[in-house]
Amino acid sequence: MADWRNVGNWHWKERNCLEWAKKYLDEQLTGVEASKDGFNAKIDSVDSVSGDADLNIRKGRLIAIYDVEVKLSWTATKGDDKLSGNITIPEVAHDTDDYVYDISASDSSSSMLPLKDFVRKQLTPMITRKLE
């Protein structure tokens, strides 16, 4: 039934789409992989998505406005070496294409540093492509 006070969706209407955004990001980011020179890295899971994701209607136009924080779990391997950790993207927003990645690892020893660097240099660009 149409809202007689908002004929043609002329006035601002807002719908919360955070649950949809959580599902979408989980589908898009879980399983993202990078491989090169014997190194392998993969996003194991989307641990959390928090913030705002709204679909707005104004003057009959759809306007998506979102600003969310995304937390991911990853695993990287090379030969017998295996490292896991987390990636936090503090701001995935409708008005930015420049993402910041906070990468942490379960083992910070110097022997595992190449695996963490591989995640930073090879896996994060794959995530960026999925977010575009």
# chains A, B, ... in the order shown; residues from 1 in each chain; ligands from 1
$ residues_around --residues "A:Ser50" --least-positions-apart "6" --cutoff "7 Å" --atoms "only C-alpha atoms" --output "ChimeraX atom specification"
/A:68-70
$ write_last_selection --atoms "N, CA and C atoms" --output "PDB file, in the first residue's frame"
ATOM      1  N   VAL A  68      31.270   1.051   7.449  1.00  0.00           N
ATOM      2  CA  VAL A  68      31.366  -0.117   8.314  1.00  0.00           C
ATOM      3  C   VAL A  68      32.822  -0.461   8.609  1.00  0.00           C
ATOM      4  N   GLU A  69      33.018  -1.137   9.725  1.00  0.00           N
ATOM      5  CA  GLU A  69      34.310  -1.714  10.075  1.00  0.00           C
ATOM      6  C   GLU A  69      34.206  -3.208   9.829  1.00  0.00           C
ATOM      7  N   VAL A  70      35.221  -3.766   9.157  1.00  0.00           N
ATOM      8  CA  VAL A  70      35.206  -5.189   8.810  1.00  0.00           C
ATOM      9  C   VAL A  70      36.414  -5.859   9.451  1.00  0.00           C
TER      10      VAL A  70
END
$ select_by_dssp --residues "stretch 9-88 of chain A" --states "strand (DSSP E or B)" --output "PyMOL selection string"
chain A and resi 13-16+33-36+39-58+61-78+81-88
$ closest_residue --among "A:Asp44, A:Asp52, A:Asp95, A:Glu33" --to "A:Asp67" --atoms "only C-alpha atoms"
A:Asp52
$ residues_around --residues "A:Gly85" --least-positions-apart "3" --cutoff "7 Å" --atoms "only C-alpha atoms" --output "list of chain:residue names"
A:Ser73, A:Trp74, A:Thr75, A:Ser104, A:Ala105, A:Ser106
$ write_last_selection --atoms "C-alpha atoms" --output "PDB file, in the first residue's frame"
ATOM      1  CA  SER A  73      40.626 -13.931   9.799  1.00  0.00           C
ATOM      2  CA  TRP A  74      43.375 -15.148   7.488  1.00  0.00           C
ATOM      3  CA  THR A  75      45.847 -17.990   7.097  1.00  0.00           C
ATOM      4  CA  SER A 104      47.989  -8.701  13.048  1.00  0.00           C
ATOM      5  CA  ALA A 105      49.555 -12.162  13.240  1.00  0.00           C
ATOM      6  CA  SER A 106      49.508 -14.929  15.828  1.00  0.00           C
TER       7      SER A 106
END
$ closest_residue --among "A:Asp54, A:Asp47, A:Asp107, A:Asp26" --to "A:Ile87" --atoms "only C-alpha atoms"
A:Asp47
$ residues_around --residues "A:Gln28" --least-positions-apart "6" --cutoff "12 Å" --atoms "only C-alpha atoms" --output "number ranges by chain"
A: 21-22, 43-46, 72, 126-132
$ closest_residue --among "A:Pro125, A:Tyr24, A:Tyr101, A:Thr77" --to "A:Lys42" --atoms "only C-alpha atoms"
A:Thr77
$ atom_distance --atom1 "atom CA of A:Pro90" --atom2 "atom CA of A:Cys17"
18.7 Å
$ closest_residue --among "A:Val32, A:Ala93, A:Ala76, A:Ala53" --to "A:Val119" --atoms "only C-alpha atoms"
A:Ala76
$ atom_distance --atom1 "atom CA of A:Phe39" --atom2 "atom CA of A:Leu83"
11.2 Å
$ closest_residue --among "A:Lys82, A:Arg58, A:Lys23, A:Lys13" --to "A:Pro114" --atoms "only C-alpha atoms"
A:Lys82
$ select_by_dssp --residues "chain A" --states "helix (DSSP H, G or I)" --output "number ranges by chain"
A: 7-9, 18-29, 110-131
$ closest_residue --among "A:Leu55, A:Leu123, A:Leu113, A:Val100" --to "A:Ser35" --atoms "only C-alpha atoms"
A:Leu123
$ atom_distance --atom1 "atom CA of A:Asp102" --atom2 "atom CA of A:Ile89"
6.4 Å
$ decode --residues "stretch 49-92 of chain A" --atoms "N, CA and C atoms" --output "compact mmCIF listing (two decimals), in the first residue's frame"
# COMPACT_ATOMS: atom_id res chain seq x y z
N VAL A 49 31.17 -7.38 11.13
CA VAL A 49 30.89 -6.19 10.33
C VAL A 49 30.04 -5.30 11.24
N SER A 50 30.55 -4.11 11.53
CA SER A 50 29.79 -3.21 12.40
C SER A 50 29.80 -1.80 11.82
N GLY A 51 28.77 -1.06 12.10
CA GLY A 51 28.65 0.30 11.60
C GLY A 51 27.28 0.55 11.03
N ASP A 52 27.23 1.34 9.97
CA ASP A 52 25.97 1.73 9.34
C ASP A 52 25.96 1.35 7.87
N ALA A 53 24.84 0.80 7.43
CA ALA A 53 24.61 0.51 6.02
C ALA A 53 23.14 0.80 5.76
N ASP A 54 22.87 1.89 5.07
CA ASP A 54 21.50 2.34 4.85
C ASP A 54 21.22 2.52 3.37
N LEU A 55 20.00 2.21 2.99
CA LEU A 55 19.51 2.49 1.65
C LEU A 55 18.45 3.58 1.81
N ASN A 56 18.68 4.69 1.14
CA ASN A 56 17.79 5.84 1.27
C ASN A 56 17.09 6.12 -0.05
N ILE A 57 15.89 6.64 0.04
CA ILE A 57 15.15 7.07 -1.14
C ILE A 57 14.82 8.54 -0.96
N ARG A 58 15.20 9.33 -1.96
CA ARG A 58 14.92 10.76 -1.94
C ARG A 58 14.60 11.19 -3.35
N LYS A 59 13.45 11.80 -3.53
CA LYS A 59 13.00 12.26 -4.85
C LYS A 59 13.02 11.12 -5.87
N GLY A 60 12.66 9.91 -5.41
CA GLY A 60 12.58 8.76 -6.30
C GLY A 60 13.92 8.12 -6.62
N ARG A 61 15.02 8.60 -6.05
CA ARG A 61 16.35 8.05 -6.31
C ARG A 61 16.81 7.21 -5.13
N LEU A 62 17.48 6.10 -5.45
CA LEU A 62 18.08 5.26 -4.42
C LEU A 62 19.48 5.78 -4.10
N ILE A 63 19.78 5.93 -2.82
CA ILE A 63 21.08 6.42 -2.38
C ILE A 63 21.60 5.44 -1.33
N ALA A 64 22.73 4.80 -1.60
CA ALA A 64 23.34 3.88 -0.64
C ALA A 64 24.39 4.64 0.16
N ILE A 65 24.25 4.58 1.47
CA ILE A 65 25.21 5.22 2.37
C ILE A 65 25.67 4.16 3.36
N TYR A 66 26.98 3.92 3.40
CA TYR A 66 27.51 2.92 4.32
C TYR A 66 28.86 3.36 4.86
N ASP A 67 29.12 2.95 6.07
CA ASP A 67 30.39 3.19 6.75
C ASP A 67 30.52 2.09 7.79
N VAL A 68 31.27 1.05 7.45
CA VAL A 68 31.37 -0.12 8.31
C VAL A 68 32.82 -0.46 8.61
N GLU A 69 33.02 -1.14 9.72
CA GLU A 69 34.31 -1.71 10.07
C GLU A 69 34.21 -3.21 9.83
N VAL A 70 35.22 -3.77 9.16
CA VAL A 70 35.21 -5.19 8.81
C VAL A 70 36.41 -5.86 9.45
N LYS A 71 36.17 -6.99 10.11
CA LYS A 71 37.25 -7.78 10.72
C LYS A 71 37.26 -9.16 10.07
N LEU A 72 38.46 -9.56 9.62
CA LEU A 72 38.64 -10.81 8.89
C LEU A 72 39.68 -11.68 9.58
N SER A 73 39.59 -12.99 9.37
CA SER A 73 40.63 -13.93 9.80
C SER A 73 41.30 -14.49 8.56
N TRP A 74 42.62 -14.65 8.63
CA TRP A 74 43.38 -15.15 7.49
C TRP A 74 44.37 -16.22 7.91
N THR A 75 44.81 -16.99 6.92
CA THR A 75 45.85 -17.99 7.10
C THR A 75 46.80 -17.88 5.91
N ALA A 76 48.10 -17.96 6.20
CA ALA A 76 49.11 -17.93 5.14
C ALA A 76 50.07 -19.10 5.34
N THR A 77 50.52 -19.67 4.23
CA THR A 77 51.45 -20.80 4.31
C THR A 77 52.55 -20.65 3.26
N LYS A 78 53.69 -21.24 3.60
CA LYS A 78 54.77 -21.46 2.63
C LYS A 78 55.52 -22.70 3.10
N GLY A 79 55.41 -23.76 2.31
CA GLY A 79 56.01 -25.03 2.73
C GLY A 79 55.37 -25.51 4.02
N ASP A 80 56.20 -25.75 5.03
CA ASP A 80 55.70 -26.21 6.33
C ASP A 80 55.34 -25.07 7.26
N ASP A 81 55.69 -23.84 6.90
CA ASP A 81 55.38 -22.69 7.75
C ASP A 81 53.93 -22.28 7.56
N LYS A 82 53.26 -22.04 8.68
CA LYS A 82 51.86 -21.62 8.65
C LYS A 82 51.68 -20.50 9.66
N LEU A 83 50.96 -19.46 9.25
CA LEU A 83 50.71 -18.30 10.10
C LEU A 83 49.26 -17.89 9.95
N SER A 84 48.64 -17.52 11.04
CA SER A 84 47.26 -17.02 10.98
C SER A 84 47.20 -15.68 11.68
N GLY A 85 46.13 -14.96 11.42
CA GLY A 85 45.98 -13.65 12.03
C GLY A 85 44.66 -13.00 11.67
N ASN A 86 44.61 -11.70 11.89
CA ASN A 86 43.40 -10.92 11.63
C ASN A 86 43.73 -9.69 10.81
N ILE A 87 42.77 -9.27 10.04
CA ILE A 87 42.83 -8.00 9.30
C ILE A 87 41.63 -7.19 9.73
N THR A 88 41.88 -5.96 10.13
CA THR A 88 40.79 -5.03 10.43
C THR A 88 40.83 -3.92 9.41
N ILE A 89 39.70 -3.68 8.78
CA ILE A 89 39.54 -2.55 7.86
C ILE A 89 38.63 -1.58 8.60
N PRO A 90 39.22 -0.52 9.21
CA PRO A 90 38.42 0.33 10.08
C PRO A 90 37.32 1.13 9.38
N GLU A 91 37.49 1.37 8.07
CA GLU A 91 36.48 2.17 7.39
C GLU A 91 36.29 1.71 5.95
N VAL A 92 35.18 1.06 5.71
CA VAL A 92 34.72 0.76 4.36
C VAL A 92 33.50 1.66 4.19
